[in-house]
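*Asks:* As input, take work-v4.cif (mmCIF, C-alpha atoms):
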```cif
data_run
loop_
_atom_site.label_atom_id
_atom_site.label_comp_id
_atom_site.auth_asym_id
_atom_site.auth_seq_id
_atom_site.Cartn_x
_atom_site.Cartn_y
_atom_site.Cartn_z
CA MET A 1 -19.86 -133.90 79.78
CA THR A 2 -20.57 -133.09 83.43
CA ARG A 3 -17.18 -134.46 84.43
CA ASN A 4 -15.43 -132.25 81.86
CA MET A 5 -17.18 -129.14 83.13
CA THR A 6 -16.43 -130.04 86.76
CA GLY A 7 -12.74 -130.43 85.94
CA ILE A 8 -12.64 -127.07 84.18
CA VAL A 9 -14.34 -125.36 87.12
CA LYS A 10 -11.86 -126.90 89.55
CA ILE A 11 -8.92 -125.73 87.44
CA ALA A 12 -10.33 -122.21 87.20
CA GLY A 13 -10.89 -122.09 90.96
CA SER A 14 -7.32 -123.23 91.64
CA LEU A 15 -5.94 -120.60 89.28
CA ALA A 16 -8.03 -117.87 90.92
CA MET A 17 -6.74 -118.87 94.35
CA ALA A 18 -3.11 -118.89 93.16
CA GLY A 19 -3.61 -115.50 91.52
CA GLY A 20 -4.95 -114.13 94.79
CA ILE A 21 -1.88 -115.40 96.63
CA ILE A 22 0.39 -113.66 94.11
CA ALA A 23 -1.56 -110.41 94.48
CA MET A 24 -1.28 -110.62 98.27
CA ALA A 25 2.48 -111.12 98.00
CA ALA A 26 2.75 -107.81 96.14
CA MET A 27 1.14 -105.91 99.03
CA PRO A 28 2.86 -104.50 102.15
CA ALA A 29 2.44 -106.18 105.54
CA ALA A 30 -1.21 -105.44 106.29
CA ALA A 31 -0.92 -106.16 110.00
CA ALA A 32 1.67 -103.43 110.60
CA SER A 33 0.64 -99.91 111.52
CA PRO A 34 2.19 -97.11 109.41
CA ASN A 35 5.62 -95.67 110.09
CA GLU A 36 5.07 -92.05 111.06
CA ALA A 37 6.58 -88.76 112.23
CA TYR A 38 5.05 -85.61 113.69
CA GLY A 39 6.17 -82.27 115.06
CA SER A 40 4.20 -82.12 118.30
CA ALA A 41 1.34 -83.58 120.32
CA ALA A 42 -0.08 -83.09 123.81
CA THR A 43 -2.27 -84.86 126.35
CA GLY A 44 -3.93 -83.54 129.49
CA PRO A 45 -5.85 -80.31 130.12
CA ILE A 46 -4.42 -79.04 126.84
CA SER A 47 -4.79 -81.77 124.25
CA ALA A 48 -3.54 -81.82 120.66
CA SER A 49 -3.40 -84.59 118.09
CA PRO A 50 -0.12 -85.07 116.20
CA ILE A 51 0.69 -81.97 114.13
CA GLY A 52 2.44 -82.26 110.77
CA LEU A 53 1.83 -86.01 110.64
CA ALA A 54 3.67 -87.92 107.90
CA THR A 55 2.96 -91.62 107.35
CA TYR A 56 4.09 -94.56 105.27
CA PRO A 57 2.01 -95.91 103.69
CA GLY A 58 0.34 -92.53 103.34
CA THR A 59 1.59 -88.98 102.88
CA SER A 60 5.28 -88.09 103.16
CA PRO A 61 7.10 -85.78 103.42
CA VAL A 62 4.93 -83.28 105.25
CA THR A 63 6.06 -79.69 105.86
CA VAL A 64 4.05 -77.27 108.00
CA SER A 65 4.80 -73.70 109.00
CA ASN A 66 4.57 -74.55 112.71
CA ALA A 67 3.46 -77.11 115.28
CA ASN A 68 2.00 -74.60 117.71
CA ILE A 69 -0.16 -75.73 120.63
CA THR A 70 -1.90 -72.81 122.29
CA GLY A 71 -0.75 -72.31 125.86
CA LEU A 72 2.13 -74.79 125.55
CA LEU A 73 4.28 -74.51 122.46
CA THR A 74 5.33 -72.36 119.55
CA THR A 75 7.68 -73.48 116.79
CA GLY A 76 8.98 -72.58 113.38
CA THR A 77 8.90 -74.84 110.33
CA VAL A 78 8.37 -78.57 110.82
CA ILE A 79 9.54 -81.23 108.34
CA ASP A 80 8.33 -84.79 108.86
CA THR A 81 9.13 -87.82 106.71
CA ALA A 82 8.21 -91.50 106.77
CA GLY A 83 9.33 -94.34 104.53
CA PRO A 84 9.11 -98.14 104.42
CA THR A 85 11.93 -98.59 106.96
CA SER A 86 12.44 -95.17 108.55
CA ALA A 87 10.91 -91.95 109.86
CA SER A 88 12.20 -88.56 111.03
CA SER A 89 10.96 -85.26 112.43
CA THR A 90 12.73 -81.88 112.51
CA VAL A 91 11.24 -78.96 114.40
CA SER A 92 12.81 -75.48 114.34
CA ASN A 93 12.64 -72.55 116.78
CA VAL A 94 11.12 -74.44 119.69
CA SER A 95 9.67 -72.49 122.64
CA ALA A 96 7.67 -74.38 125.28
CA THR A 97 5.92 -72.94 128.34
CA LEU A 98 6.68 -74.94 131.49
CA SER A 99 5.21 -72.57 134.07
CA THR A 100 4.60 -68.87 134.67
CA THR A 101 8.33 -68.50 135.32
CA GLY A 102 9.83 -71.37 133.33
CA SER A 103 10.37 -72.12 129.65
CA LEU A 104 12.22 -74.46 127.34
CA GLY A 105 13.82 -73.37 124.10
CA ALA A 106 15.86 -74.86 121.25
CA THR A 107 17.05 -73.72 117.86
CA SER A 108 15.97 -77.09 116.46
CA VAL A 109 15.21 -80.64 117.56
CA THR A 110 15.32 -83.82 115.51
CA SER A 111 14.35 -87.43 116.02
CA SER A 112 14.68 -90.41 113.71
CA CYS A 113 14.27 -94.16 113.67
CA THR A 114 15.31 -96.94 111.29
CA PHE A 115 14.54 -100.61 110.76
CA ASN A 116 17.61 -102.59 109.70
CA THR A 117 16.48 -105.12 107.10
CA THR A 118 19.65 -107.17 107.62
CA THR A 119 19.63 -107.52 111.40
CA GLY A 120 15.89 -107.05 111.96
CA ALA A 121 16.59 -104.44 114.64
CA VAL A 122 14.93 -101.04 115.08
CA SER A 123 17.04 -98.15 116.37
CA GLY A 124 16.53 -94.47 117.02
CA THR A 125 18.32 -91.25 117.81
CA ALA A 126 17.64 -87.62 118.67
CA ALA A 127 19.51 -84.31 118.45
CA ILE A 128 18.88 -80.97 120.15
CA ASN A 129 20.51 -77.82 118.84
CA GLY A 130 20.83 -74.89 121.23
CA GLY A 131 18.50 -76.39 123.83
CA ALA A 132 18.08 -74.90 127.30
CA VAL A 133 15.62 -74.57 130.18
CA HIS A 134 15.16 -71.19 131.82
CA VAL A 135 13.48 -70.71 135.20
CA SER A 136 13.43 -67.28 136.80
CA GLY A 137 16.00 -66.98 139.60
CA ARG A 138 17.77 -70.25 138.76
CA PRO A 139 20.79 -71.22 136.67
CA THR A 140 20.11 -72.12 133.06
CA ILE A 141 19.93 -75.86 132.33
CA THR A 142 21.67 -76.65 129.04
CA LEU A 143 20.28 -79.60 127.11
CA ALA A 144 22.71 -82.11 125.61
CA ALA A 145 23.10 -81.87 121.85
CA ASN A 146 23.11 -85.66 121.41
CA PRO A 147 21.43 -87.06 124.51
CA ALA A 148 21.58 -90.73 125.37
CA LYS A 149 18.22 -92.45 125.09
CA ASN A 150 15.82 -91.72 127.93
CA THR A 151 17.95 -88.97 129.46
CA THR A 152 15.84 -87.59 132.32
CA ILE A 153 16.11 -84.03 133.64
CA SER A 154 14.19 -82.87 136.71
CA VAL A 155 13.32 -79.19 136.86
CA ALA A 156 12.44 -78.87 140.54
CA GLY A 157 8.82 -77.94 141.14
CA VAL A 158 8.21 -77.38 137.43
CA ALA A 159 8.58 -80.37 135.13
CA THR A 160 10.31 -83.60 134.24
CA LEU A 161 11.96 -83.76 130.83
CA ILE A 162 12.96 -86.88 128.95
CA LEU A 163 15.37 -86.28 126.07
CA ASN A 164 15.61 -88.82 123.28
CA LYS A 165 12.73 -90.73 124.84
CA GLN A 166 12.53 -94.22 123.36
CA THR A 167 9.72 -96.67 124.01
CA LYS A 168 9.16 -100.03 122.36
CA ALA A 169 5.76 -101.70 122.01
CA ALA A 170 5.12 -105.42 122.39
CA ASP A 171 5.26 -105.86 118.60
CA GLY A 172 8.69 -104.17 118.43
CA THR A 173 7.46 -100.79 117.16
CA LEU A 174 9.84 -98.06 118.36
CA THR A 175 8.76 -94.51 119.21
CA VAL A 176 11.48 -91.86 119.52
CA THR A 177 10.58 -88.44 120.94
CA ALA A 178 13.26 -85.75 120.86
CA ILE A 179 11.82 -83.92 123.90
CA TYR A 180 9.08 -85.22 126.15
CA VAL A 181 7.73 -82.94 128.89
CA ARG A 182 5.60 -83.87 131.89
CA LEU A 183 4.48 -80.91 134.00
CA LEU A 184 4.54 -81.48 137.74
CA GLY A 185 1.25 -81.26 139.66
CA SER A 186 -0.66 -81.89 136.44
CA THR A 187 -1.47 -84.61 133.92
CA GLN A 188 -0.17 -82.35 131.15
CA THR A 189 2.34 -83.86 128.72
CA LEU A 190 4.02 -82.47 125.61
CA SER A 191 5.87 -84.35 122.87
CA ILE A 192 8.17 -82.48 120.49
CA GLY A 193 9.65 -84.15 117.40
CA ALA A 194 8.48 -87.78 117.33
CA SER A 195 9.31 -90.66 114.97
CA VAL A 196 7.71 -94.11 114.93
CA CYS A 197 9.10 -97.21 113.17
CA ASN A 198 7.79 -100.74 112.87
CA ALA A 199 10.04 -103.75 113.32
CA ALA A 200 9.34 -104.60 109.68
CA ASN A 201 9.93 -103.45 106.13
CA LEU A 202 6.64 -101.92 104.96
CA ALA A 203 7.62 -101.78 101.29
CA PRO A 204 5.44 -103.88 98.95
CA VAL A 205 6.95 -107.29 98.21
CA PRO A 206 7.50 -107.61 94.44
CA MET A 207 6.41 -110.67 92.48
CA VAL A 208 9.16 -113.18 91.75
CA PRO A 209 10.79 -112.05 88.46
CA GLY A 210 10.24 -114.42 85.57
CA LYS A 211 7.61 -116.52 87.34
CA ALA A 212 4.46 -114.47 87.64
CA LEU A 213 3.97 -113.93 83.89
CA PRO A 214 4.56 -117.57 82.82
CA PHE A 215 2.20 -118.72 85.57
CA ALA A 216 -0.51 -116.35 84.39
CA LEU A 217 -0.04 -117.33 80.74
CA GLY A 218 -0.02 -121.01 81.62
CA GLY A 219 -3.26 -120.63 83.55
CA LEU A 220 -4.85 -118.81 80.65
CA GLY A 221 -3.74 -121.58 78.31
CA VAL A 222 -5.37 -124.25 80.49
CA LEU A 223 -8.64 -122.34 80.47
CA LEU A 224 -8.53 -121.91 76.71
CA ILE A 225 -7.81 -125.60 76.13
CA GLY A 226 -10.65 -126.53 78.45
CA GLY A 227 -13.00 -124.25 76.55
CA VAL A 228 -12.00 -125.71 73.19
CA ALA A 229 -12.44 -129.25 74.49
CA TYR A 230 -15.89 -128.36 75.80
CA ARG A 231 -16.96 -126.90 72.44
CA ALA A 232 -15.62 -129.94 70.59
CA THR A 233 -17.53 -132.29 72.88
CA ARG A 234 -20.76 -130.40 72.30
CA ARG A 235 -20.29 -130.42 68.53
CA GLY A 236 -19.59 -134.17 68.62
CA ARG A 237 -22.78 -134.87 70.52
CA PHE A 238 -24.92 -132.76 68.16
CA THR A 239 -23.35 -134.44 65.09
CA SER A 240 -24.07 -137.91 66.48
CA ALA A 241 -27.63 -136.96 67.27
CA ALA A 242 -28.16 -135.78 63.70
#
```
Can the structure in the file be given as structure tokens, please?

*Replies:*
Amino acid sequence: MTRNMTGIVKIAGSLAMAGGIIAMAAMPAAAASPNEAYGSAATGPISASPIGLATYPGTSPVTVSNANITGLLTTGTVIDTAGPTSASSTVSNVSATLSTTGSLGATSVTSSCTFNTTTGAVSGTAAINGGAVHVSGRPTITLAANPAKNTTISVAGVATLILNKQTKAADGTLTVTAIYVRLLGSTQTLSIGASVCNAANLAPVPMVPGKALPFALGGLGVLLIGGVAYRATRRGRFTSAA
């Protein structure tokens, strides 16, 4: 009797473990941080957490009326999206303060990134529509519409700009920032239009078709048979005793 019960318990434990493995397979990669996109952020004397943040898993798309940062930036509408293998940010009517005599403007800026599930590579791009830097008494600096990654522009005595800034973390996560500003003589930074993608597909992994259900039914059948056998054994013992 004890041996029968021990066998049933072992079977039930094995089935529970296998069921847990199947459930884990249906979940996204837990170790990966979310893909995300945001309209703006700042560090330094003026600090601002990501504005208009969209994430996957999480909330996407996210649309906000602006990504303003007092003393640094005003914008129009911001649209941010994040999915299992991609992210993008679009910011309209950008106006950034670089100094008392300098400013940066653009009709719109966009960044995006994508994880290629076939090659396993993460790539990104950025676009700037109608972008320019104005400093009193100097010629206007026109910003490239489709800048190469990490295009650096020095605005003498004012700021350093990096267009289509792309940085990759140790785990392969790629961050693409349409316009990154570092003010000279200060620790102030400003990010406009950022997208972040993992080097992984964050979509949940589906159960193997045609296998999960039979496995579950088979496990249930084993438990039922074990229960019937146990009841029969008990009845046999009571009958003999009588």

*Asks:* Identify which of the residues A:Asn198, A:Thr189, A:Thr90, A:Asn66 lies closest to A:Ala169, counting all atoms listed in the file when measuring atom-to-atom distances.

*Replies:*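 Comparing A:Asn198, A:Thr189, A:Thr90, A:Asn66 against A:Ala169, the winner is A:Asn198.
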
*Asks:* Could you work out how far atom CA of A:Thr167 lies from atom CA of A:Thr151, giving the answer in Å with one decimal?

*Replies:*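 Interatomic distance, atom CA of A:Thr151 to atom CA of A:Thr167: 12.5 Å.
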
*Asks:* Provide the atom CA of A:Ser186 to atom CA of A:Val133 distance in Å, to one decimal place.

*Replies:*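 It comes out at 18.9 Å.
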
*Asks:* What is the distance, in Å and to one decimal place, between atom CA of A:Glu36 and atom CA of A:Ser103?

*Replies:*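 Separation of atom CA of A:Glu36 and atom CA of A:Ser103: 27.8 Å.
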
*Asks:* Taking 3 positions as the minimum chain separation for residues in the same chain, which residues sit within 8 Å of A:Gly105 when counting only C-alpha atoms? Answer as number ranges by chain.

*Replies:* A: 93-96, 130-133
